[in-house]
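Coordinates from query-v4.pdb are shown below (PDB, C-alpha atoms and all ligand atoms).
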ATOM      1  CA  MET A 869     -16.078  11.445  15.084
ATOM      2  CA  LYS A 870     -14.843  11.254  11.508
ATOM      3  CA  VAL A 871     -14.644  13.694   8.606
ATOM      4  CA  TRP A 872     -14.194  12.681   5.008
ATOM      5  CA  PHE A 873     -12.091  14.863   2.706
ATOM      6  CA  VAL A 874     -13.272  13.935  -0.790
ATOM      7  CA  GLY A 875     -11.958  14.816  -4.247
ATOM      8  CA  ALA A 876     -14.883  16.001  -6.376
ATOM      9  CA  GLY A 877     -13.045  15.477  -9.653
ATOM     10  CA  PRO A 878     -12.476  18.154 -12.289
ATOM     11  CA  GLY A 879     -16.093  19.154 -12.963
ATOM     12  CA  ASP A 880     -17.967  16.486 -14.906
ATOM     13  CA  PRO A 881     -20.246  15.037 -12.182
ATOM     14  CA  GLU A 882     -19.518  11.540 -13.474
ATOM     15  CA  LEU A 883     -15.817  11.947 -12.740
ATOM     16  CA  ILE A 884     -16.102  11.605  -8.969
ATOM     17  CA  THR A 885     -15.179   8.183  -7.526
ATOM     18  CA  VAL A 886     -17.974   5.756  -6.603
ATOM     19  CA  LYS A 887     -16.785   5.969  -2.987
ATOM     20  CA  GLY A 888     -16.839   9.772  -3.052
ATOM     21  CA  PHE A 889     -20.358   9.891  -4.480
ATOM     22  CA  LYS A 890     -21.675   7.404  -1.908
ATOM     23  CA  LEU A 891     -20.292   9.633   0.836
ATOM     24  CA  LEU A 892     -21.987  12.692  -0.708
ATOM     25  CA  LYS A 893     -25.335  10.868  -0.853
ATOM     26  CA  ASP A 894     -24.984   9.844   2.791
ATOM     27  CA  ALA A 895     -23.778  13.165   4.144
ATOM     28  CA  ASP A 896     -25.736  15.564   6.366
ATOM     29  CA  LEU A 897     -23.332  18.429   5.698
ATOM     30  CA  ILE A 898     -21.113  19.090   2.677
ATOM     31  CA  ILE A 899     -18.619  21.930   2.864
ATOM     32  CA  TYR A 900     -17.513  22.390  -0.728
ATOM     33  CA  ALA A 901     -14.696  24.337  -2.359
ATOM     34  CA  GLY A 902     -16.597  27.054  -4.212
ATOM     35  CA  SER A 903     -16.949  27.483  -7.944
ATOM     36  CA  LEU A 904     -14.589  24.681  -8.990
ATOM     37  CA  VAL A 905     -17.105  22.113  -7.741
ATOM     38  CA  ASN A 906     -19.787  21.698 -10.392
ATOM     39  CA  PRO A 907     -23.224  22.576  -8.884
ATOM     40  CA  GLN A 908     -24.647  19.662 -10.884
ATOM     41  CA  LEU A 909     -22.717  17.243  -8.662
ATOM     42  CA  LEU A 910     -24.446  18.724  -5.611
ATOM     43  CA  SER A 911     -27.955  18.927  -7.001
ATOM     44  CA  GLY A 912     -30.424  16.383  -5.661
ATOM     45  CA  LEU A 913     -28.428  15.704  -2.491
ATOM     46  CA  THR A 914     -30.151  15.950   0.884
ATOM     47  CA  ALA A 915     -27.156  17.375   2.766
ATOM     48  CA  GLU A 916     -26.859  20.971   3.928
ATOM     49  CA  LEU A 917     -24.474  22.656   1.435
ATOM     50  CA  VAL A 918     -21.943  25.208   2.583
ATOM     51  CA  ASN A 919     -19.646  27.037   0.168
ATOM     52  CA  SER A 920     -16.263  27.421   1.833
ATOM     53  CA  SER A 921     -14.946  30.157  -0.464
ATOM     54  CA  ASN A 922     -16.012  32.981   1.870
ATOM     55  CA  LEU A 923     -15.215  31.175   5.120
ATOM     56  CA  SER A 924     -12.069  31.478   7.221
ATOM     57  CA  LEU A 925     -10.130  28.351   8.154
ATOM     58  CA  GLU A 926     -11.242  28.837  11.756
ATOM     59  CA  SER A 927     -14.933  28.999  10.871
ATOM     60  CA  ILE A 928     -14.655  25.880   8.669
ATOM     61  CA  ILE A 929     -13.074  23.947  11.552
ATOM     62  CA  ALA A 930     -15.658  25.288  14.022
ATOM     63  CA  LYS A 931     -18.534  24.320  11.703
ATOM     64  CA  ILE A 932     -17.122  20.791  11.295
ATOM     65  CA  ILE A 933     -16.627  20.251  15.034
ATOM     66  CA  GLU A 934     -20.047  21.682  15.917
ATOM     67  CA  SER A 935     -21.754  19.463  13.302
ATOM     68  CA  LEU A 936     -19.868  16.351  14.421
ATOM     69  CA  ASN A 937     -20.976  17.022  17.989
ATOM     70  CA  ALA A 938     -24.542  17.154  16.691
ATOM     71  CA  GLY A 939     -24.032  13.650  15.255
ATOM     72  CA  LYS A 940     -23.871  14.725  11.591
ATOM     73  CA  LYS A 941     -22.021  12.982   8.760
ATOM     74  CA  ILE A 942     -19.688  15.470   7.142
ATOM     75  CA  VAL A 943     -17.903  15.657   3.811
ATOM     76  CA  ARG A 944     -15.305  18.311   3.063
ATOM     77  CA  LEU A 945     -15.394  18.410  -0.725
ATOM     78  CA  HIS A 946     -12.369  19.678  -2.669
ATOM     79  CA  SER A 947     -12.027  20.142  -6.417
ATOM     80  CA  GLY A 948     -10.013  17.662  -8.462
ATOM     81  CA  ASP A 949      -7.754  15.675  -6.171
ATOM     82  CA  PRO A 950      -7.368  17.141  -2.671
ATOM     83  CA  SER A 951      -3.603  16.573  -2.613
ATOM     84  CA  LEU A 952      -2.904  19.166  -5.319
ATOM     85  CA  TYR A 953      -3.179  22.777  -4.128
ATOM     86  CA  GLY A 954      -6.055  21.679  -1.909
ATOM     87  CA  ALA A 955      -4.811  23.220   1.377
ATOM     88  CA  ILE A 956      -6.168  20.224   3.260
ATOM     89  CA  LEU A 957      -3.404  19.736   5.818
ATOM     90  CA  GLU A 958      -4.095  23.057   7.495
ATOM     91  CA  GLN A 959      -7.636  21.742   8.054
ATOM     92  CA  ILE A 960      -6.652  18.183   8.969
ATOM     93  CA  ARG A 961      -4.106  19.269  11.583
ATOM     94  CA  PRO A 962      -6.540  21.112  13.944
ATOM     95  CA  LEU A 963      -9.187  18.420  13.437
ATOM     96  CA  GLU A 964      -6.751  15.686  14.440
ATOM     97  CA  GLU A 965      -5.632  17.802  17.385
ATOM     98  CA  ALA A 966      -9.271  17.917  18.449
ATOM     99  CA  GLY A 967      -9.357  14.116  18.420
ATOM    100  CA  ILE A 968     -11.263  13.840  15.145
ATOM    101  CA  GLU A 969     -10.444  11.095  12.667
ATOM    102  CA  VAL A 970      -9.917  12.129   9.054
ATOM    103  CA  GLU A 971     -10.047  10.076   5.868
ATOM    104  CA  VAL A 972      -9.146  11.284   2.406
ATOM    105  CA  VAL A 973     -10.789   9.973  -0.767
ATOM    106  CA  PRO A 974      -8.756  10.834  -3.859
ATOM    107  CA  GLY A 975     -10.249  12.414  -6.939
ATOM    108  CA  VAL A 976      -9.518  12.916 -10.624
ATOM    109  CA  SER A 977      -7.339  15.991 -10.809
ATOM    110  CA  SER A 978      -7.985  18.661 -13.431
ATOM    111  CA  LEU A 979      -4.488  17.726 -14.597
ATOM    112  CA  PHE A 980      -5.775  14.387 -15.826
ATOM    113  CA  ALA A 981      -8.967  15.884 -17.235
ATOM    114  CA  ALA A 982      -6.783  18.329 -19.185
ATOM    115  CA  ALA A 983      -4.653  15.486 -20.605
ATOM    116  CA  ALA A 984      -7.848  13.639 -21.523
ATOM    117  CA  ALA A 985      -9.228  16.756 -23.228
ATOM    118  CA  LEU A 986      -6.082  16.920 -25.354
ATOM    119  CA  LYS A 987      -6.233  13.153 -25.946
ATOM    120  CA  THR A 988      -2.567  12.921 -25.068
ATOM    121  CA  GLN A 989      -0.220  11.508 -22.464
ATOM    122  CA  LEU A 990       1.635  13.568 -19.902
ATOM    123  CA  THR A 991       4.592  11.210 -20.197
ATOM    124  CA  LEU A 992       5.397  10.010 -23.676
ATOM    125  CA  LYS A 993       8.260   7.797 -24.781
ATOM    126  CA  GLY A 994      10.818   9.765 -26.774
ATOM    127  CA  VAL A 995       9.187  13.109 -25.908
ATOM    128  CA  SER A 996       9.099  13.462 -22.119
ATOM    129  CA  GLU A 997       9.325  10.819 -19.432
ATOM    130  CA  SER A 998       8.748  13.263 -16.582
ATOM    131  CA  LEU A 999       6.077  15.636 -15.346
ATOM    132  CA  ILE A1000       6.549  18.762 -13.253
ATOM    133  CA  ILE A1001       3.511  20.033 -11.358
ATOM    134  CA  THR A1002       3.886  23.615 -10.252
ATOM    135  CA  ARG A1003       2.337  27.057  -9.938
ATOM    136  CA  PRO A1004       3.537  30.647  -9.963
ATOM    137  CA  VAL A1005       3.779  32.052  -6.461
ATOM    138  CA  GLY A1006       3.018  35.450  -5.056
ATOM    139  CA  ALA A1007       2.320  38.746  -6.704
ATOM    140  CA  THR A1008       5.685  38.724  -8.504
ATOM    141  CA  LEU A1009       7.358  35.687 -10.012
ATOM    142  CA  GLU A1010      10.702  36.476  -8.389
ATOM    143  CA  LYS A1011      10.501  33.809  -5.763
ATOM    144  CA  ASP A1012       9.144  30.848  -7.666
ATOM    145  CA  ASP A1013      10.987  28.046  -9.390
ATOM    146  CA  LEU A1014       9.467  28.234 -12.860
ATOM    147  CA  THR A1015      12.701  29.203 -14.603
ATOM    148  CA  SER A1016      14.843  26.496 -13.047
ATOM    149  CA  LEU A1017      12.092  23.883 -13.407
ATOM    150  CA  SER A1018      11.687  24.680 -17.097
ATOM    151  CA  LYS A1019      15.298  23.675 -17.787
ATOM    152  CA  HIS A1020      14.565  19.971 -17.233
ATOM    153  CA  GLY A1021      12.749  19.534 -20.538
ATOM    154  CA  ALA A1022       9.909  17.737 -18.729
ATOM    155  CA  THR A1023       6.210  18.230 -19.386
ATOM    156  CA  MET A1024       5.038  21.084 -17.161
ATOM    157  CA  ALA A1025       1.590  21.402 -15.622
ATOM    158  CA  ILE A1026       1.102  24.894 -14.258
ATOM    159  CA  PHE A1027      -1.865  25.466 -11.957
ATOM    160  CA  LEU A1028      -3.368  28.775 -10.836
ATOM    161  CA  ALA A1029      -1.721  30.749 -13.614
ATOM    162  CA  ALA A1030      -4.420  31.762 -16.120
ATOM    163  CA  ASP A1031      -4.209  35.403 -15.040
ATOM    164  CA  LYS A1032      -0.400  35.442 -15.342
ATOM    165  CA  VAL A1033       0.235  33.686 -18.660
ATOM    166  CA  GLN A1034       2.442  36.460 -20.049
ATOM    167  CA  GLU A1035       4.760  36.455 -17.014
ATOM    168  CA  VAL A1036       4.773  32.664 -16.758
ATOM    169  CA  MET A1037       5.756  32.217 -20.401
ATOM    170  CA  ALA A1038       8.491  34.846 -20.052
ATOM    171  CA  SER A1039       9.949  32.962 -17.108
ATOM    172  CA  LEU A1040      10.252  29.614 -18.919
ATOM    173  CA  GLN A1041      13.651  28.908 -20.443
ATOM    174  CA  MET A1042      12.523  26.776 -23.363
ATOM    175  CA  PRO A1043      12.531  27.259 -27.150
ATOM    176  CA  GLU A1044       9.869  29.731 -28.282
ATOM    177  CA  GLU A1045       8.147  27.115 -30.411
ATOM    178  CA  THR A1046       7.570  24.763 -27.442
ATOM    179  CA  PRO A1047       3.877  23.770 -27.566
ATOM    180  CA  VAL A1048       1.597  25.187 -24.856
ATOM    181  CA  ALA A1049      -2.059  24.424 -24.145
ATOM    182  CA  LEU A1050      -4.406  26.230 -21.820
ATOM    183  CA  ILE A1051      -7.408  24.157 -20.847
ATOM    184  CA  TYR A1052     -10.267  26.094 -19.281
ATOM    185  CA  HIS A1053     -12.878  24.172 -17.269
ATOM    186  CA  ALA A1054     -11.564  20.754 -18.313
ATOM    187  CA  SER A1055     -14.463  18.251 -18.458
ATOM    188  CA  TRP A1056     -17.159  20.927 -17.949
ATOM    189  CA  PRO A1057     -19.717  21.521 -20.722
ATOM    190  CA  ASP A1058     -18.039  24.869 -21.515
ATOM    191  CA  GLN A1059     -14.522  23.402 -21.671
ATOM    192  CA  LYS A1060     -12.199  25.443 -23.860
ATOM    193  CA  ILE A1061      -8.811  24.444 -25.269
ATOM    194  CA  LEU A1062      -6.383  27.109 -26.463
ATOM    195  CA  LEU A1063      -3.340  25.828 -28.337
ATOM    196  CA  GLY A1064      -0.184  27.737 -29.160
ATOM    197  CA  ASN A1065       3.433  28.016 -28.182
ATOM    198  CA  LEU A1066       5.558  29.854 -25.663
ATOM    199  CA  LYS A1067       5.569  32.954 -27.873
ATOM    200  CA  ASN A1068       1.902  33.320 -28.787
ATOM    201  CA  ILE A1069      -0.249  31.590 -26.140
ATOM    202  CA  ALA A1070      -0.531  34.666 -23.886
ATOM    203  CA  ASP A1071      -2.122  36.716 -26.687
ATOM    204  CA  LYS A1072      -4.581  33.906 -27.413
ATOM    205  CA  VAL A1073      -5.542  33.626 -23.738
ATOM    206  CA  GLU A1074      -5.978  37.370 -23.470
ATOM    207  CA  ALA A1075      -8.134  37.461 -26.614
ATOM    208  CA  GLU A1076     -10.403  34.779 -25.105
ATOM    209  CA  GLY A1077     -10.522  36.613 -21.769
ATOM    210  CA  VAL A1078      -9.676  33.514 -19.694
ATOM    211  CA  LYS A1079      -8.451  34.524 -16.227
ATOM    212  CA  HIS A1080      -9.213  31.584 -13.929
ATOM    213  CA  SER A1081     -10.212  27.904 -13.719
ATOM    214  CA  ALA A1082      -7.626  26.886 -16.280
ATOM    215  CA  LEU A1083      -4.549  24.737 -16.380
ATOM    216  CA  ILE A1084      -1.473  25.367 -18.526
ATOM    217  CA  LEU A1085       0.383  22.432 -20.017
ATOM    218  CA  VAL A1086       3.789  22.959 -21.612
ATOM    219  CA  GLY A1087       5.817  20.520 -23.688
ATOM    220  CA  GLY A1088       6.062  18.310 -26.730
ATOM    221  CA  VAL A1089       3.355  15.913 -25.500
ATOM    222  CA  ILE A1090       0.767  18.489 -26.586
ATOM    223  CA  ASP A1091       1.721  17.996 -30.244
ATOM    224  CA  ARG A1092       1.165  14.214 -30.031
ATOM    225  CA  THR A1093       4.046  13.612 -32.468
ATOM    226  CA  GLY A1094       7.671  12.484 -32.347
ATOM    227  CA  PHE A1095       7.076   9.682 -29.865
ATOM    228  CA  ARG A1096       8.357   6.130 -29.956
ATOM    229  CA  ARG A1097       6.360   2.977 -29.440
ATOM    230  CA  SER A1098       6.480   1.583 -25.961
ATOM    231  CA  HIS A1099       7.600  -1.984 -25.346
ATOM    232  CA  LEU A1100       4.221  -2.787 -23.819
ATOM    233  CA  TYR A1101       2.521  -3.838 -27.016
ATOM    234  CA  ARG A1102       5.403  -5.298 -28.985
ATOM    235  CA  GLU A1103       4.737  -8.501 -30.931
ATOM    236  CA  ARG A1104       5.487 -11.614 -28.927
TER     237      ARG A1104
HETATM  238  C1  LIG A1201      -6.928  25.428  -5.800
HETATM  239  S1  LIG A1201      -6.398  24.599  -7.242
HETATM  240  C2  LIG A1201      -7.171  23.047  -7.031
HETATM  241  C3  LIG A1201      -6.653  21.954  -7.955
HETATM  242  C4  LIG A1201      -7.370  20.642  -7.774
HETATM  243  N1  LIG A1201      -7.060  20.076  -6.500
HETATM  244  C5  LIG A1201      -7.085  19.629  -8.870
HETATM  245  O1  LIG A1201      -6.539  18.551  -8.582
HETATM  246  O2  LIG A1201      -7.439  19.905 -10.017
HETATM  247  C6  LIG A1201      -7.379  25.403  -8.463
HETATM  248  C7  LIG A1201      -6.689  25.421  -9.809
HETATM  249  O3  LIG A1201      -6.798  24.133 -10.392
HETATM  250  C8  LIG A1201      -6.981  24.243 -11.779
HETATM  251  N2  LIG A1201      -8.296  23.672 -12.111
HETATM  252  C9  LIG A1201      -9.209  23.160 -11.269
HETATM  253  N3  LIG A1201     -10.247  22.623 -11.949
HETATM  254  C10 LIG A1201      -9.972  22.824 -13.256
HETATM  255  C11 LIG A1201     -10.613  22.455 -14.468
HETATM  256  N4  LIG A1201     -11.770  21.773 -14.481
HETATM  257  N5  LIG A1201     -10.021  22.774 -15.641
HETATM  258  C12 LIG A1201      -8.830  23.419 -15.665
HETATM  259  N6  LIG A1201      -8.159  23.773 -14.560
HETATM  260  C13 LIG A1201      -8.717  23.478 -13.374
HETATM  261  C14 LIG A1201      -6.865  25.718 -12.122
HETATM  262  O4  LIG A1201      -5.496  25.993 -12.370
HETATM  263  C15 LIG A1201      -7.308  26.343 -10.823
HETATM  264  O5  LIG A1201      -6.819  27.663 -10.715
END
Rewritten as structure tokens:
Amino acid sequence: MKVWFVGAGPGDPELITVKGFKLLKDADLIIYAGSLVNPQLLSGLTAELVNSSNLSLESIIAKIIESLNAGKKIVRLHSGDPSLYGAILEQIRPLEEAGIEVEVVPGVSSLFAAAAALKTQLTLKGVSESLIITRPVGATLEKDDLTSLSKHGATMAIFLAADKVQEVMASLQMPEETPVALIYHASWPDQKILLGNLKNIADKVEAEGVKHSALILVGGVIDRTGFRRSHLYRER
């Protein structure tokens, strides 16, 4: 009685782990996290495929338990890495309470696919040694921490914010010329990179009509300049 929670990676079907792909090939049932899982990754598999985007938590749990009782091998497939905005614990908790064992297989987060798309580092000597991973919360931004987090001068990765770029940028207390990138569908064939700064990125995003499936990166690392050499490759 075991369920595997697997990170599908950011979109490119080759960016799932070998372990994750083996589990997909072996599975009888895959419950996958909607449109952020590339259909190409699922094509050619023999498992029954269930899109979880229209299912309640209760019906996902019921489907898993019913299928396990029928002797099926089950994968719960999440986009990117399941530990980032994956809402896996609320699924794991009732499964464990029902005596079911759970294993988690990490994945390549869209955060790392976005950095790869920009051919940059998220931490860069002399520019930013720290990374803040966050998201705007709720219908208004009143209750989230974006303003206070922005004061650290760290690289910021902002998930789930493509439809709120204007408000998000207004809430950041950083110089207006701070570089900002919005990466839509990182690693997918239709990947799009929009580059700008705190002042003008919202207009660019609006002009492109991007409203979902995009990550916002903020900070000097986007410019790929002003960094110092690390000590790793010094002459010996
Ligand atoms: C529910 S969260 C899941 C994040 C996922 N666990 C991860 O590690 O990438 C969904 C958000 O992740 C971001 N996202 C997921 N896949 C993406 C991709 N390929 N390119 C850009 N952003 C992506 C977007 O901000 C999207 O709104």
**OP:** Using all atoms listed in the file, find each protein or nucleic acid residue lying at most 7 Å from ligand LIG 1201 (chain A); present the set as number ranges by chain.
**Re:** A: 878-879, 904, 946-954, 976-979, 982, 1026-1030, 1051-1056, 1080-1083
**OP:** I need the residue set behind the PyMOL selection byres (((chain A and resi 996) around 10) and not hetatm) for this file; please write it as a ChimeraX atom specification.
**Re:** /A:989-995,997-999,1020-1024,1087-1089,1095
**OP:** Check the smallest atom-to-atom distance from each of A:Gly939, A:Asn906, A:Leu945, A:Ser1018 to A:Leu891 using only C-alpha atoms, then report the winner.
**Re:**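 Counting only C-alpha atoms, the residue closest to A:Leu891 is A:Leu945.
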Subject >> Option closest in space to A:Thr885, from A:Leu897, A:Val973, A:Ala984, A:Val943 [counting all atoms listed in the file] >> reply: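 The shortest atom-to-atom distance to A:Thr885 comes from A:Val973.
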**OP:** Starting from the displayed file, determine the output of the PyMOL selection byres (((chain A and resi 933) around 10) and not hetatm) and express the residue list as a ChimeraX atom specification.
**Re:** /A:869-871,927-932,934-940,942,963,966,968
Given the PyMOL selection byres (((chain A and resi 900) around 7) and not hetatm), the residues it picks as a PDB file with C-alpha atoms, keeping the file's coordinate frame:
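Dumped everything to part_23.pdb:
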ATOM      1  CA  ILE A 898     -21.113  19.090   2.677  1.00  0.00           C
ATOM      2  CA  ILE A 899     -18.619  21.930   2.864  1.00  0.00           C
ATOM      3  CA  ALA A 901     -14.696  24.337  -2.359  1.00  0.00           C
ATOM      4  CA  GLY A 902     -16.597  27.054  -4.212  1.00  0.00           C
ATOM      5  CA  VAL A 918     -21.943  25.208   2.583  1.00  0.00           C
ATOM      6  CA  ASN A 919     -19.646  27.037   0.168  1.00  0.00           C
ATOM      7  CA  SER A 920     -16.263  27.421   1.833  1.00  0.00           C
ATOM      8  CA  ARG A 944     -15.305  18.311   3.063  1.00  0.00           C
ATOM      9  CA  LEU A 945     -15.394  18.410  -0.725  1.00  0.00           C
ATOM     10  CA  HIS A 946     -12.369  19.678  -2.669  1.00  0.00           C
TER      11      HIS A 946
END
Subject >> Given all atoms listed in the file as the counted atoms, nearest of A:Ser903, A:Glu969, A:Tyr1101, A:Leu909 to A:Ile884 >> reply: A:Leu909
Report, as lines of an AutoDock Vina configuration file, the axis-aligned box around all atoms of stretch 950-958 of chain A present in the file, extended by 6 Å on each side; give centre and edge lengths in Å to one decimal place.
center_x = -5.1
center_y = 19.9
center_z = 1.1
size_x = 16.5
size_y = 18.6
size_z = 24.8
Subject >> One-decimal distance in Å that lies between atom CA of A:Asp880 and atom CA of A:Gln959 >> reply: 25.7 Å
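Using all atoms listed in the file, the smallest distance between any of A:Gly967, A:Leu913, A:Leu1050, A:Leu883 and A:Lys1079 comes from A:Leu1050.
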Original post:
From the set A:Val970, A:Ile1069, A:Ala915, A:Leu1100, which residue has the shortest atom-to-atom contact distance to A:Val874, counting all atoms listed in the file?
Top reply: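 Smallest separation from A:Val874 among the options: A:Val970.
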Original post:
So how many Å separate atom CA of A:Ile1084 and atom CA of A:Asp1071, to one decimal?
Top reply: 14.0 Å
**OP:** Would you mind reading off the distance between atom CA of A:Ser911 and atom CA of A:Ala876, one decimal, in Å?
**Re:**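 Rounded to one decimal, the two atoms are 13.4 Å apart.
Closest approach to A:Asp1012 among A:Ser1039, A:Thr914, A:Ser1098, A:Asn1065 is made by A:Ser1039 (distances from all atoms listed in the file).
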